[in-house]
Amino acid sequence: MSAELAALANPDHAVAMAAYMKTDMPFFGVKRPDCSRIFKEAMRRYPVATRADYDRGVREFWARPHREEKYMAVSLARAVPRYISPPSLPLYRKLIVEGAWWDFVDDVAAHLVGTLLLEHRDRIAPVMEEWIDHPDMWLRRTALLAHLRHKDQTDEETLFDHCLRRAEEREFFIRKAIGWVLRQYARTAPDSVKEFVFAHRDAWSGLTFREATKHLGIG
C-alpha cells in the first residue's frame, strides 16, 4: 500500500493536511477516497488469514512514517471483525498512546475498544475503570468514547459515573468527549440524559453542557 500511496503523493495537499491536523508527521497528500480504494484492493489481494497476520499487519503499517500509512493500520484493525477481541486490546492501547491525537484515538476508541466493551463487558469494563482515571489523557478520552456507539445497550450507570469522574477536568478533549458521548446517548435515552445533566449542572463546563444538550431542545 505504501508504494500506491507514494505514487499518488501530492505535496500541496500534504502541507495542507499537516496544517489541518497540527502535526509535523509527514503526509503523502492522498485524499480519503483514494486511500480507501487502495486499502480495499490490498485487502482483496492479501486477505488476513490469522491473528498473527492481523497483529503483524497493523504493527507494520503503524510503524511507517506517513500519516496515511498509520490510517491504513487503523483501517486494517477495524477490517477483520473476528480479531476485534480481548487479545487485541494491548494493540489498540498502543495505537491510542502512540497516536495521541483525535484522528487516531477517536476511531480506535469508538470502533475497536467500544466494540470490545460492548461484546466482552466482563473482561473489558475493569480496564476501562483503570483508563478513566489514567494519567494519559487519551486513555481517559477512550474510556469515555468507548460508550459512544452502544445505543440501547449502554451501561447507563457506568457512563454517567465516568462522565462525573472527569467533569472537573479543564482539558478540552475531555470536556468535548463528555458532551459528545452524552449527546449521542441522548438519541436513545433523552429523558435520562436530561435528568442527569441538570442534576449535575454545576459540574459541567460550558462546552460539555452545550454538547450534551444539543439535541434536547435546551442548551
# chains A, B, ... in the order shown; residues from 1 in each chain; ligands from 1

$ closest_atom_pairs --of "stretch 50-105 of chain A" --to "stretch 37-40 of chain A" --cutoff "10 Å" --atoms "only C-alpha atoms" --output "tab-separated table"
residue	atom	partner	partner_atom	distance
A:Tyr71	CA	A:Phe39	CA	10.0
A:Met72	CA	A:Phe39	CA	6.9
A:Ala73	CA	A:Phe39	CA	9.9
A:Ser75	CA	A:Phe39	CA	8.0
A:Leu76	CA	A:Phe39	CA	8.3
A:Ala79	CA	A:Lys40	CA	9.6

$ select_by_dssp --residues "stretch 49-217 of chain A" --states "alpha helix (DSSP H)" --output "ChimeraX atom specification"
/A:51-62,67-79,89-99,102-107,114-119,121-131,137-145,156-165,172-186,190-199,206-212

$ closest_residue --among "A:Arg67, A:His162, A:His147, A:Arg59" --to "A:Met21" --atoms "only C-alpha atoms"
A:Arg67

$ closest_residue --among "A:Ala186, A:Ile132, A:Ala177, A:Met17" --to "A:Glu156" --atoms "only C-alpha atoms"
A:Ala186

$ residues_around --residues "A:Thr208" --least-positions-apart "5" --cutoff "9 Å" --atoms "only C-alpha atoms" --output "PyMOL selection string"
chain A and resi 167+174-180+182+213

$ write_last_selection --atoms "all heavy atoms" --output "compact mmCIF listing (two decimals), in the first residue's frame"
# COMPACT_ATOMS: atom_id res chain seq x y z
N ALA A 167 -15.59 15.32 35.14
CA ALA A 167 -16.28 16.59 34.90
C ALA A 167 -15.45 17.81 35.26
O ALA A 167 -15.62 18.88 34.65
CB ALA A 167 -17.60 16.61 35.68
N ILE A 174 -11.25 16.22 26.88
CA ILE A 174 -12.08 15.50 27.83
C ILE A 174 -13.45 16.16 27.94
O ILE A 174 -14.49 15.48 27.92
CB ILE A 174 -11.40 15.43 29.20
CG1 ILE A 174 -10.09 14.63 29.11
CG2 ILE A 174 -12.33 14.80 30.23
CD1 ILE A 174 -10.25 13.18 28.66
N ARG A 175 -13.47 17.47 28.05
CA ARG A 175 -14.76 18.17 28.12
C ARG A 175 -15.61 17.89 26.88
O ARG A 175 -16.82 17.67 26.96
CB ARG A 175 -14.52 19.67 28.26
CG ARG A 175 -13.94 20.07 29.60
CD ARG A 175 -13.72 21.57 29.69
NE ARG A 175 -13.44 21.98 31.07
CZ ARG A 175 -13.33 23.24 31.46
NH1 ARG A 175 -13.48 24.22 30.59
NH2 ARG A 175 -13.08 23.53 32.72
N LYS A 176 -14.97 17.91 25.73
CA LYS A 176 -15.66 17.63 24.48
C LYS A 176 -16.18 16.19 24.46
O LYS A 176 -17.31 15.93 24.03
CB LYS A 176 -14.72 17.87 23.30
CG LYS A 176 -15.35 17.69 21.93
CD LYS A 176 -16.16 18.88 21.52
CE LYS A 176 -16.56 18.79 20.05
NZ LYS A 176 -17.32 19.98 19.61
N ALA A 177 -15.37 15.25 24.92
CA ALA A 177 -15.76 13.84 24.90
C ALA A 177 -16.96 13.59 25.80
O ALA A 177 -17.86 12.83 25.44
CB ALA A 177 -14.59 12.96 25.33
N ILE A 178 -16.99 14.21 26.97
CA ILE A 178 -18.14 14.03 27.87
C ILE A 178 -19.41 14.51 27.18
O ILE A 178 -20.43 13.82 27.15
CB ILE A 178 -17.92 14.79 29.19
CG1 ILE A 178 -16.74 14.22 29.97
CG2 ILE A 178 -19.20 14.71 30.05
CD1 ILE A 178 -16.32 15.08 31.15
N GLY A 179 -19.36 15.71 26.62
CA GLY A 179 -20.53 16.24 25.93
C GLY A 179 -20.95 15.40 24.75
O GLY A 179 -22.15 15.17 24.52
N TRP A 180 -19.98 14.92 23.99
CA TRP A 180 -20.25 14.13 22.79
C TRP A 180 -20.94 12.82 23.15
O TRP A 180 -21.96 12.45 22.55
CB TRP A 180 -18.94 13.88 22.06
CG TRP A 180 -19.04 13.15 20.77
CD1 TRP A 180 -20.16 12.87 20.04
CD2 TRP A 180 -17.94 12.59 20.03
NE1 TRP A 180 -19.84 12.18 18.89
CE2 TRP A 180 -18.47 11.99 18.86
CE3 TRP A 180 -16.56 12.55 20.23
CZ2 TRP A 180 -17.67 11.35 17.92
CZ3 TRP A 180 -15.76 11.92 19.30
CH2 TRP A 180 -16.31 11.33 18.15
N LEU A 182 -22.56 12.01 25.87
CA LEU A 182 -23.90 12.24 26.42
C LEU A 182 -24.89 12.64 25.32
O LEU A 182 -26.04 12.20 25.31
CB LEU A 182 -23.84 13.31 27.50
CG LEU A 182 -23.18 12.91 28.81
CD1 LEU A 182 -23.04 14.11 29.74
CD2 LEU A 182 -23.94 11.78 29.51
N THR A 213 -26.47 18.83 25.49
CA THR A 213 -27.89 19.20 25.35
C THR A 213 -28.25 19.64 23.92
O THR A 213 -29.37 20.09 23.70
CB THR A 213 -28.24 20.34 26.32
OG1 THR A 213 -27.40 21.48 26.05
CG2 THR A 213 -28.03 19.90 27.76

$ atom_distance --atom1 "atom CA of A:Tyr20" --atom2 "atom CA of A:Phe173"
16.6 Å

$ atom_distance --atom1 "atom CA of A:Phe209" --atom2 "atom CA of A:Arg183"
9.4 Å

$ atom_distance --atom1 "atom CA of A:Pro65" --atom2 "atom CA of A:Met25"
7.3 Å

$ residues_around --residues "stretch 196-202 of chain A" --least-positions-apart "4" --cutoff "8 Å" --atoms "only C-alpha atoms" --output "list of chain:residue names"
A:Phe160, A:Ser192, A:Phe209, A:Ala212

$ residues_around --residues "stretch 122-124 of chain A" --least-positions-apart "3" --cutoff "12 Å" --atoms "only C-alpha atoms" --output "short mmCIF file (atom, residue, chain, number, x, y, z; two decimals) with N, CA and C atoms, in the first residue's frame"
data_model
loop_
_atom_site.label_atom_id
_atom_site.label_comp_id
_atom_site.auth_asym_id
_atom_site.auth_seq_id
_atom_site.Cartn_x
_atom_site.Cartn_y
_atom_site.Cartn_z
N SER A 85 -11.17 -8.63 19.44
CA SER A 85 -11.46 -9.45 20.61
C SER A 85 -10.45 -9.10 21.70
N PRO A 86 -10.68 -9.54 22.94
CA PRO A 86 -9.83 -9.10 24.05
C PRO A 86 -8.33 -9.25 23.84
N PRO A 87 -7.83 -10.30 23.18
CA PRO A 87 -6.38 -10.36 22.99
C PRO A 87 -5.80 -9.19 22.19
N SER A 88 -6.65 -8.47 21.47
CA SER A 88 -6.17 -7.33 20.68
C SER A 88 -6.10 -6.03 21.47
N LEU A 89 -6.58 -6.02 22.71
CA LEU A 89 -6.61 -4.76 23.45
C LEU A 89 -5.22 -4.13 23.63
N PRO A 90 -4.16 -4.90 23.92
CA PRO A 90 -2.84 -4.26 24.01
C PRO A 90 -2.43 -3.57 22.71
N LEU A 112 -13.14 0.13 18.00
CA LEU A 112 -12.37 -1.03 18.43
C LEU A 112 -12.55 -1.27 19.93
N VAL A 113 -12.11 -0.34 20.75
CA VAL A 113 -12.29 -0.51 22.19
C VAL A 113 -13.78 -0.55 22.54
N GLY A 114 -14.57 0.30 21.90
CA GLY A 114 -16.00 0.30 22.16
C GLY A 114 -16.67 -1.02 21.82
N THR A 115 -16.24 -1.64 20.73
CA THR A 115 -16.77 -2.96 20.37
C THR A 115 -16.38 -4.00 21.41
N LEU A 116 -15.13 -3.95 21.86
CA LEU A 116 -14.70 -4.87 22.89
C LEU A 116 -15.52 -4.71 24.17
N LEU A 117 -15.74 -3.46 24.56
CA LEU A 117 -16.51 -3.21 25.78
C LEU A 117 -17.93 -3.74 25.65
N LEU A 118 -18.54 -3.55 24.51
CA LEU A 118 -19.91 -3.99 24.31
C LEU A 118 -20.02 -5.51 24.28
N GLU A 119 -19.09 -6.17 23.62
CA GLU A 119 -19.19 -7.61 23.40
C GLU A 119 -18.50 -8.44 24.47
N VAL A 127 -10.86 -2.78 32.75
CA VAL A 127 -9.79 -1.99 32.13
C VAL A 127 -10.23 -0.55 31.94
N MET A 128 -11.49 -0.36 31.54
CA MET A 128 -12.00 1.00 31.38
C MET A 128 -12.04 1.73 32.72
N GLU A 129 -12.28 0.98 33.81
CA GLU A 129 -12.24 1.59 35.13
C GLU A 129 -10.85 2.11 35.46
N GLU A 130 -9.84 1.46 34.95
CA GLU A 130 -8.47 1.96 35.11
C GLU A 130 -8.21 3.15 34.19
N TRP A 131 -8.66 3.02 32.95
CA TRP A 131 -8.35 4.07 31.97
C TRP A 131 -9.06 5.38 32.28
N ALA A 143 -11.82 5.86 27.37
CA ALA A 143 -12.77 5.25 28.30
C ALA A 143 -14.14 5.91 28.20
N ALA A 146 -15.59 5.02 24.48
CA ALA A 146 -15.92 3.60 24.29
C ALA A 146 -17.41 3.34 24.43
N HIS A 147 -18.15 4.24 25.10
CA HIS A 147 -19.60 4.10 25.25
C HIS A 147 -20.36 4.63 24.02
N ASP A 155 -24.35 0.86 29.17
CA ASP A 155 -24.36 0.71 30.62
C ASP A 155 -24.48 2.12 31.19
#

$ closest_residue --among "A:His150, A:Tyr185, A:Ala109, A:Thr158" --to "A:Pro126" --atoms "only C-alpha atoms"
A:Thr158

$ residues_around --residues "A:Leu91" --least-positions-apart "5" --cutoff "9 Å" --atoms "only C-alpha atoms" --output "number ranges by chain"
A: 55, 58-59, 96

$ write_last_selection --atoms "all heavy atoms" --output "CSV table (one decimal), in the first residue's frame"
chain,number,residue,atom,x,y,z
A,55,ASP,N,-2.2,-8.9,13.6
A,55,ASP,CA,-1.3,-8.1,14.6
A,55,ASP,C,-0.1,-7.6,13.8
A,55,ASP,O,0.3,-6.4,14.0
A,55,ASP,CB,-0.9,-9.0,15.7
A,55,ASP,CG,-0.2,-8.2,16.8
A,55,ASP,OD1,-1.0,-7.7,17.7
A,55,ASP,OD2,1.0,-8.2,16.9
A,58,VAL,N,-1.1,-4.7,11.3
A,58,VAL,CA,-1.4,-3.4,12.0
A,58,VAL,C,-0.1,-2.8,12.5
A,58,VAL,O,0.2,-1.6,12.2
A,58,VAL,CB,-2.4,-3.6,13.1
A,58,VAL,CG1,-2.5,-2.4,13.9
A,58,VAL,CG2,-3.7,-4.1,12.6
A,59,ARG,N,0.8,-3.6,13.1
A,59,ARG,CA,2.0,-3.0,13.7
A,59,ARG,C,3.0,-2.5,12.6
A,59,ARG,O,3.6,-1.5,12.7
A,59,ARG,CB,2.7,-4.1,14.5
A,59,ARG,CG,1.9,-4.4,15.8
A,59,ARG,CD,2.6,-5.4,16.6
A,59,ARG,NE,1.8,-5.8,17.8
A,59,ARG,CZ,1.9,-5.1,19.0
A,59,ARG,NH1,2.8,-4.1,19.1
A,59,ARG,NH2,1.2,-5.5,20.0
A,96,ILE,N,-3.5,4.0,20.6
A,96,ILE,CA,-4.1,5.2,21.4
A,96,ILE,C,-2.9,6.0,21.9
A,96,ILE,O,-2.8,7.2,21.7
A,96,ILE,CB,-5.0,4.7,22.5
A,96,ILE,CG1,-6.3,4.1,21.9
A,96,ILE,CG2,-5.4,5.9,23.4
A,96,ILE,CD1,-7.0,3.3,22.9
